[in-house]
$ cat work11.txt   # compact mmCIF, C-alpha atoms
# COMPACT_ATOMS: atom_id res chain seq x y z
CA GLY F 1 156.30 132.97 36.52
CA VAL F 2 155.85 136.71 36.40
CA LYS F 3 153.27 138.11 38.84
CA SER F 4 150.37 139.90 37.24
CA THR F 5 150.01 143.55 38.20
CA PRO F 6 146.56 143.29 39.88
CA SER F 7 147.56 140.45 42.25
CA PHE F 8 150.89 142.12 43.02
CA GLY F 9 149.05 145.39 43.82
CA LEU F 10 146.56 143.55 46.02
CA SER F 11 149.38 141.79 47.86
CA ALA F 12 151.14 145.10 48.56
CA MET F 13 147.86 146.67 49.72
CA TYR F 14 147.21 143.74 52.06
CA ARG F 15 150.73 144.00 53.59
CA ALA F 16 150.26 147.75 54.13
CA TRP F 17 146.83 147.17 55.70
CA GLN F 18 148.20 144.47 58.00
CA LYS F 19 151.13 146.69 59.03
CA ASN F 20 148.70 149.53 59.88
CA ARG F 21 146.44 147.16 61.84
CA ILE F 22 149.34 145.84 63.90
CA GLN F 23 150.62 149.35 64.58
CA GLU F 24 147.14 150.50 65.65
CA ALA F 25 146.72 147.43 67.88
CA GLN F 26 150.10 148.08 69.51
CA GLU F 27 149.08 151.68 70.23
CA ILE F 28 145.82 150.51 71.85
CA LEU F 29 147.70 147.98 73.99
CA ILE F 30 150.48 150.38 75.04
CA ALA F 31 147.94 153.10 75.97
CA GLU F 32 146.07 150.57 78.11
CA LEU F 33 149.17 149.10 79.77
CA LYS F 34 150.51 152.57 80.59
CA SER F 35 147.49 153.11 82.83
CA GLY F 36 148.46 150.04 84.89
CA THR F 37 150.58 150.73 87.93
CA ARG F 38 152.99 147.81 87.94
CA LEU F 39 153.17 144.19 86.98
CA ALA F 40 151.89 142.22 89.98
CA GLY F 41 154.71 140.27 91.64
CA ASP F 42 153.26 136.83 90.88
CA VAL F 43 152.97 137.48 87.13
CA ASP F 44 155.48 135.33 85.30
CA GLN F 45 156.91 136.60 82.01
CA ASP F 46 155.97 133.53 79.97
CA SER F 47 152.29 133.90 80.86
CA PHE F 48 152.34 137.66 80.28
CA PHE F 49 153.99 137.39 76.86
CA GLY F 50 151.67 134.50 75.99
CA LEU F 51 148.76 136.89 76.56
CA LEU F 52 150.40 139.50 74.32
CA PHE F 53 150.83 136.83 71.64
CA ARG F 54 147.07 136.05 71.79
CA TYR F 55 146.35 139.76 71.46
CA LEU F 56 148.60 140.06 68.39
CA ASN F 57 146.99 136.95 66.92
CA ALA F 58 143.51 138.48 67.32
CA THR F 59 144.84 141.54 65.48
CA LYS F 60 145.99 139.39 62.59
CA GLN F 61 142.62 137.65 62.48
CA GLY F 62 140.89 141.00 62.02
CA ALA F 63 139.39 141.69 65.47
CA ALA F 64 137.69 145.11 65.58
CA ARG F 65 139.27 148.02 67.48
CA ARG F 66 136.62 147.79 70.23
CA ASN F 67 137.43 144.10 70.74
CA LEU F 68 141.16 144.84 70.88
CA LYS F 69 140.54 147.57 73.46
CA LEU F 70 138.61 145.10 75.63
CA MET F 71 141.37 142.51 75.26
CA ALA F 72 143.98 145.11 76.27
CA GLU F 73 141.86 146.12 79.30
CA ILE F 74 141.60 142.47 80.38
CA ILE F 75 145.38 142.00 80.08
CA ARG F 76 145.99 145.21 82.07
CA SER F 77 143.48 144.34 84.79
CA GLY F 78 144.57 140.73 85.05
CA CYS F 79 148.30 141.50 85.18
CA PHE F 80 148.54 144.96 86.78
CA ASP F 81 145.62 145.28 89.18
CA VAL F 82 146.85 144.02 92.54
CA GLN F 83 143.23 143.59 93.75
CA ILE F 84 142.68 140.91 91.10
CA PRO F 85 144.60 137.64 91.55
CA PHE F 86 146.78 136.76 88.55
CA GLN F 87 145.12 133.79 86.86
CA PRO F 88 146.62 133.45 83.36
CA ASP F 89 144.07 130.85 82.19
CA LYS F 90 141.12 133.07 83.19
CA ILE F 91 142.71 136.15 81.63
CA ALA F 92 143.41 134.25 78.40
CA SER F 93 139.92 132.75 78.34
CA ASN F 94 138.23 136.14 78.83
CA ALA F 95 140.51 137.88 76.31
CA GLU F 96 139.76 135.16 73.75
CA LEU F 97 136.05 135.52 74.46
CA VAL F 98 135.87 139.29 73.88
CA SER F 99 137.95 139.04 70.71
CA GLN F 100 135.01 137.31 69.01
CA LEU F 101 132.01 139.31 70.24
CA THR F 102 129.95 141.28 67.72
CA ARG F 103 128.82 144.85 68.34
CA GLU F 104 125.23 143.64 68.92
CA GLU F 105 126.44 141.07 71.46
CA LEU F 106 128.52 143.68 73.29
CA LEU F 107 125.56 146.05 73.36
CA LEU F 108 123.29 143.40 74.88
CA LEU F 109 125.92 142.34 77.45
CA ALA F 110 126.74 145.91 78.50
CA THR F 111 123.04 146.80 78.87
CA LEU F 112 122.25 143.62 80.82
CA HIS F 113 125.19 144.20 83.18
CA HIS F 114 124.29 147.87 83.64
CA HIS F 115 120.73 147.02 84.73
CA LYS F 116 121.88 144.16 86.97
CA LEU F 117 124.20 146.56 88.84
CA ALA F 118 121.52 149.26 89.05
CA LEU F 119 118.78 146.96 90.36
CA GLN F 120 120.63 144.37 92.46
CA ASN F 121 120.26 146.09 95.84
CA SER F 122 116.54 146.80 95.49
CA GLY F 123 115.54 144.22 98.13
CA VAL F 124 113.62 141.93 95.77
CA THR F 125 113.87 138.16 95.30
CA GLU F 126 116.39 136.75 92.81
CA ASP F 127 113.55 135.87 90.43
CA GLU F 128 112.06 139.38 90.60
CA LEU F 129 115.50 140.88 90.05
CA ASP F 130 116.08 138.70 86.97
CA ARG F 131 112.67 139.68 85.56
CA SER F 132 113.29 143.41 86.19
CA VAL F 133 116.75 143.27 84.59
CA HIS F 134 115.33 141.43 81.56
CA GLU F 135 112.50 143.96 81.13
CA ALA F 136 114.76 147.01 81.58
CA THR F 137 117.25 145.59 79.07
CA LEU F 138 114.56 145.01 76.43
CA LYS F 139 113.09 148.48 77.06
CA ASP F 140 116.52 150.06 76.42
CA LEU F 141 117.33 148.03 73.32
CA VAL F 142 114.02 147.55 71.46
CA PRO F 143 113.32 149.26 69.07
CA LYS F 144 116.26 151.69 69.41
CA TYR F 145 118.99 149.11 68.62
CA PHE F 146 117.14 145.86 67.90
CA ASP F 147 114.08 145.91 65.67
CA SER F 148 112.16 143.42 67.86
CA GLU F 149 112.29 141.44 71.09
CA ASP F 150 112.82 138.31 68.96
CA HIS F 151 115.91 139.91 67.40
CA CYS F 152 117.26 140.72 70.88
CA GLU F 153 116.50 137.19 72.07
CA ALA F 154 118.26 135.70 69.02
CA VAL F 155 121.42 137.64 69.97
CA ALA F 156 121.07 136.35 73.55
CA VAL F 157 120.70 132.76 72.32
CA SER F 158 123.84 133.24 70.19
CA LEU F 159 125.64 134.45 73.33
CA GLY F 160 124.75 131.15 75.00
CA ARG F 161 127.95 129.76 73.42
CA THR F 162 130.00 132.09 75.65
CA GLY F 163 128.50 131.21 79.03
CA LEU F 164 127.90 134.94 79.65
CA VAL F 165 124.10 134.74 79.45
CA THR F 166 121.39 132.13 79.69
CA THR F 167 117.88 132.22 78.24
CA PRO F 168 115.75 130.07 80.55
CA ALA F 169 112.11 129.44 79.66
CA VAL F 170 109.66 131.19 81.98
CA TRP F 171 105.86 131.26 81.90
CA ASP F 172 105.70 134.22 79.48
CA GLY F 173 108.52 133.18 77.11
CA ASN F 174 112.28 133.22 77.51
CA ARG F 175 114.22 135.46 79.85
CA ILE F 176 117.67 136.90 79.17
CA GLN F 177 119.84 136.49 82.29
CA ALA F 178 123.42 137.40 83.11
CA THR F 179 125.64 134.65 84.54
CA PRO F 180 128.47 134.91 87.10
CA ARG F 181 130.85 134.62 84.12
CA LEU F 182 129.57 137.99 82.83
CA GLU F 183 130.20 139.55 86.24
CA GLU F 184 133.74 138.13 86.22
CA LEU F 185 134.34 139.55 82.74
CA CYS F 186 133.02 142.98 83.78
CA ARG F 187 135.51 143.10 86.67
CA LEU F 188 138.28 142.91 84.04
CA CYS F 189 136.96 145.32 81.40
CA ASP F 190 134.35 147.99 80.68
CA LEU F 191 132.03 146.73 77.96
CA GLU F 192 130.18 150.05 77.69
CA SER F 193 133.33 152.06 76.92
CA ALA F 194 134.18 149.78 74.00
CA LEU F 195 130.85 150.56 72.33
CA SER F 196 131.91 154.15 71.75
CA MET F 197 134.78 153.02 69.49
$ encode --input "work11.txt" --output "structure tokens"
Amino acid sequence: GVKSTPSFGLSAMYRAWQKNRIQEAQEILIAELKSGTRLAGDVDQDSFFGLLFRYLNATKQGAARRNLKLMAEIIRSGCFDVQIPFQPDKIASNAELVSQLTREELLLLATLHHHKLALQNSGVTEDELDRSVHEATLKDLVPKYFDSEDHCEAVAVSLGRTGLVTTPAVWDGNRIQATPRLEELCRLCDLESALSM
């Protein structure tokens, strides 16, 4: 049958949008990979191109520019940084993880990590450190970005699916805590820089 004009126009608009998205994603990736020095010697081509395929797939599924930038950073760090051992499964897992994070989740993760780094050498117990990081994170985010502590906690609970944070019950409620998985992720990419996109 003959295509109706509206659906044909929509189809052409979608193809143009997808072409622009892919071009933009390629530019983000190329800019990021250019800053890498060289492909580490133990990086095999199949694994590397498999990572690029995942990146392209995230583009097609509509990942935001900030998420694509984080994915590109993870690929660069994991494949080009000779200080970081090449572990394709870990790189793929972390790239997949950041492709799905919302802006609110990224904001919470970046703030939590920032305070953990700032406070970790203050000579306090692990429990005191966790409490201080939690309090500093809430102070930064509520009410400037999140309308309440409950809202912030709801985002943290949602992040529980990622293994990047936990929300253990403590005597005065729940505490938002970073996990070693968040530290691993932050060695591969800069969550704060993505928030400016």
$ residues_around --input "work11.txt" --residues "F:Ser47" --least-positions-apart "5" --cutoff "10 Å" --atoms "all atoms listed in the file" --output "ChimeraX atom specification"
/F:52-53,79,86-89,91-92
$ closest_residue --input "work11.txt" --among "F:Ala136, F:Cys189, F:Ile30, F:Met13" --to "F:Arg66" --atoms "only C-alpha atoms"
F:Cys189
$ atom_distance --input "work11.txt" --atom1 "atom CA of F:His115" --atom2 "atom CA of F:His134"
8.4 Å
$ residues_around --input "work11.txt" --residues "F:Arg21" --least-positions-apart "2" --cutoff "12 Å" --atoms "all atoms listed in the file" --output "list of chain:residue names"
F:Tyr14, F:Arg15, F:Ala16, F:Trp17, F:Gln18, F:Lys19, F:Gln23, F:Glu24, F:Ala25, F:Gln26, F:Glu27, F:Ile28, F:Leu56, F:Asn57, F:Ala58, F:Thr59, F:Lys60, F:Gln61, F:Gly62, F:Ala63, F:Ala64, F:Arg65, F:Leu68
$ atom_distance --input "work11.txt" --atom1 "atom CA of F:Leu119" --atom2 "atom CA of F:Gln177"
13.3 Å
$ atom_distance --input "work11.txt" --atom1 "atom CA of F:Ala95" --atom2 "atom CA of F:Met71"
4.8 Å
$ residues_around --input "work11.txt" --residues "F:Ile176" --least-positions-apart "2" --cutoff "12 Å" --atoms "all atoms listed in the file" --output "PyMOL selection string"
chain F and resi 108-109+111-113+115-116+129-138+149-150+152-160+164-170+173-174+178-179
$ closest_residue --input "work11.txt" --among "F:Phe146, F:Tyr55, F:Phe49, F:Trp171" --to "F:Glu105" --atoms "all atoms listed in the file"
F:Phe146
$ closest_residue --input "work11.txt" --among "F:Ile22, F:Ile75, F:Leu29, F:Leu70" --to "F:Val43" --atoms "only C-alpha atoms"
F:Ile75
$ closest_residue --input "work11.txt" --among "F:Asn67, F:Gln120, F:Thr162, F:Gln45" --to "F:Glu192" --atoms "all atoms listed in the file"
F:Asn67
$ decode --input "work11.txt" --residues "stretch 63-79 of chain F" --atoms "all heavy atoms" --output "short mmCIF file (atom, residue, chain, number, x, y, z; two decimals), in the first residue's frame"
data_model
loop_
_atom_site.label_atom_id
_atom_site.label_comp_id
_atom_site.auth_asym_id
_atom_site.auth_seq_id
_atom_site.Cartn_x
_atom_site.Cartn_y
_atom_site.Cartn_z
N ALA F 63 20.84 6.65 24.95
CA ALA F 63 21.60 7.11 26.13
C ALA F 63 21.92 8.60 25.97
O ALA F 63 22.22 9.07 24.88
CB ALA F 63 22.90 6.31 26.28
N ALA F 64 21.86 9.34 27.07
CA ALA F 64 22.14 10.78 27.05
C ALA F 64 23.61 11.03 26.75
O ALA F 64 24.47 10.16 26.98
CB ALA F 64 21.76 11.39 28.40
N ARG F 65 23.92 12.26 26.30
CA ARG F 65 25.31 12.62 25.98
C ARG F 65 26.23 12.40 27.18
O ARG F 65 27.34 11.91 27.03
CB ARG F 65 25.40 14.10 25.56
CG ARG F 65 24.84 14.39 24.19
CD ARG F 65 25.11 15.82 23.76
NE ARG F 65 26.50 15.93 23.40
CZ ARG F 65 27.30 16.93 23.77
NH1 ARG F 65 26.83 17.91 24.51
NH2 ARG F 65 28.56 16.97 23.40
N ARG F 66 25.78 12.78 28.38
CA ARG F 66 26.63 12.62 29.56
C ARG F 66 26.95 11.15 29.81
O ARG F 66 28.06 10.81 30.20
CB ARG F 66 26.00 13.28 30.79
CG ARG F 66 24.74 12.66 31.25
CD ARG F 66 24.11 13.31 32.48
NE ARG F 66 22.76 12.86 32.63
CZ ARG F 66 21.70 13.46 32.12
NH1 ARG F 66 21.84 14.57 31.44
NH2 ARG F 66 20.50 12.96 32.29
N ASN F 67 25.98 10.26 29.57
CA ASN F 67 26.22 8.84 29.76
C ASN F 67 27.20 8.31 28.70
O ASN F 67 28.07 7.49 29.01
CB ASN F 67 24.90 8.07 29.69
CG ASN F 67 23.92 8.51 30.76
OD1 ASN F 67 23.37 9.61 30.66
ND2 ASN F 67 23.71 7.72 31.77
N LEU F 68 27.06 8.80 27.47
CA LEU F 68 27.98 8.38 26.41
C LEU F 68 29.40 8.85 26.72
O LEU F 68 30.37 8.12 26.49
CB LEU F 68 27.52 8.94 25.05
CG LEU F 68 26.20 8.37 24.53
CD1 LEU F 68 25.78 9.10 23.26
CD2 LEU F 68 26.30 6.86 24.26
N LYS F 69 29.52 10.08 27.25
CA LYS F 69 30.86 10.57 27.60
C LYS F 69 31.49 9.68 28.67
O LYS F 69 32.67 9.34 28.59
CB LYS F 69 30.77 12.02 28.10
CG LYS F 69 32.14 12.53 28.59
CD LYS F 69 32.28 14.00 28.50
CE LYS F 69 33.62 14.57 28.88
NZ LYS F 69 34.68 13.70 29.31
N LEU F 70 30.71 9.29 29.67
CA LEU F 70 31.24 8.40 30.71
C LEU F 70 31.63 7.04 30.13
O LEU F 70 32.67 6.49 30.48
CB LEU F 70 30.20 8.22 31.83
CG LEU F 70 29.97 9.44 32.71
CD1 LEU F 70 28.76 9.23 33.62
CD2 LEU F 70 31.21 9.76 33.54
N MET F 71 30.80 6.51 29.24
CA MET F 71 31.14 5.23 28.60
C MET F 71 32.45 5.35 27.82
O MET F 71 33.32 4.47 27.90
CB MET F 71 30.03 4.79 27.63
CG MET F 71 28.76 4.33 28.30
SD MET F 71 27.56 3.75 27.08
CE MET F 71 28.17 2.07 26.77
N ALA F 72 32.59 6.45 27.07
CA ALA F 72 33.81 6.67 26.29
C ALA F 72 35.03 6.79 27.20
O ALA F 72 36.10 6.23 26.91
CB ALA F 72 33.66 7.92 25.43
N GLU F 73 34.87 7.48 28.34
CA GLU F 73 35.97 7.60 29.31
C GLU F 73 36.38 6.22 29.84
O GLU F 73 37.56 5.93 30.01
CB GLU F 73 35.55 8.46 30.51
CG GLU F 73 35.69 9.94 30.30
CD GLU F 73 35.35 10.71 31.57
OE1 GLU F 73 35.83 10.35 32.67
OE2 GLU F 73 34.58 11.67 31.47
N ILE F 74 35.38 5.39 30.15
CA ILE F 74 35.66 4.05 30.68
C ILE F 74 36.41 3.21 29.65
O ILE F 74 37.38 2.52 29.97
CB ILE F 74 34.34 3.37 31.12
CG1 ILE F 74 33.81 4.05 32.39
CG2 ILE F 74 34.53 1.87 31.34
CD1 ILE F 74 32.39 3.68 32.77
N ILE F 75 35.99 3.30 28.40
CA ILE F 75 36.68 2.55 27.33
C ILE F 75 38.11 3.05 27.19
O ILE F 75 39.05 2.26 27.11
CB ILE F 75 35.90 2.65 26.00
CG1 ILE F 75 34.56 1.92 26.13
CG2 ILE F 75 36.72 2.10 24.84
CD1 ILE F 75 33.57 2.17 24.99
N ARG F 76 38.29 4.39 27.20
CA ARG F 76 39.65 4.94 27.09
C ARG F 76 40.52 4.49 28.26
O ARG F 76 41.61 3.99 28.08
CB ARG F 76 39.62 6.47 27.03
CG ARG F 76 41.06 7.05 26.99
CD ARG F 76 41.13 8.55 27.16
NE ARG F 76 40.33 9.12 28.22
CZ ARG F 76 40.66 9.10 29.52
NH1 ARG F 76 41.75 8.48 29.94
NH2 ARG F 76 39.87 9.66 30.42
N SER F 77 40.01 4.67 29.48
CA SER F 77 40.80 4.31 30.66
C SER F 77 41.13 2.82 30.67
O SER F 77 42.26 2.42 30.94
CB SER F 77 40.04 4.66 31.95
OG SER F 77 39.80 6.02 32.02
N GLY F 78 40.11 2.01 30.40
CA GLY F 78 40.29 0.57 30.48
C GLY F 78 41.20 -0.01 29.40
O GLY F 78 41.83 -1.04 29.60
N CYS F 79 41.26 0.67 28.24
CA CYS F 79 42.05 0.14 27.12
C CYS F 79 43.38 0.87 26.92
O CYS F 79 44.31 0.31 26.37
CB CYS F 79 41.25 0.22 25.83
SG CYS F 79 39.75 -0.79 25.85
#
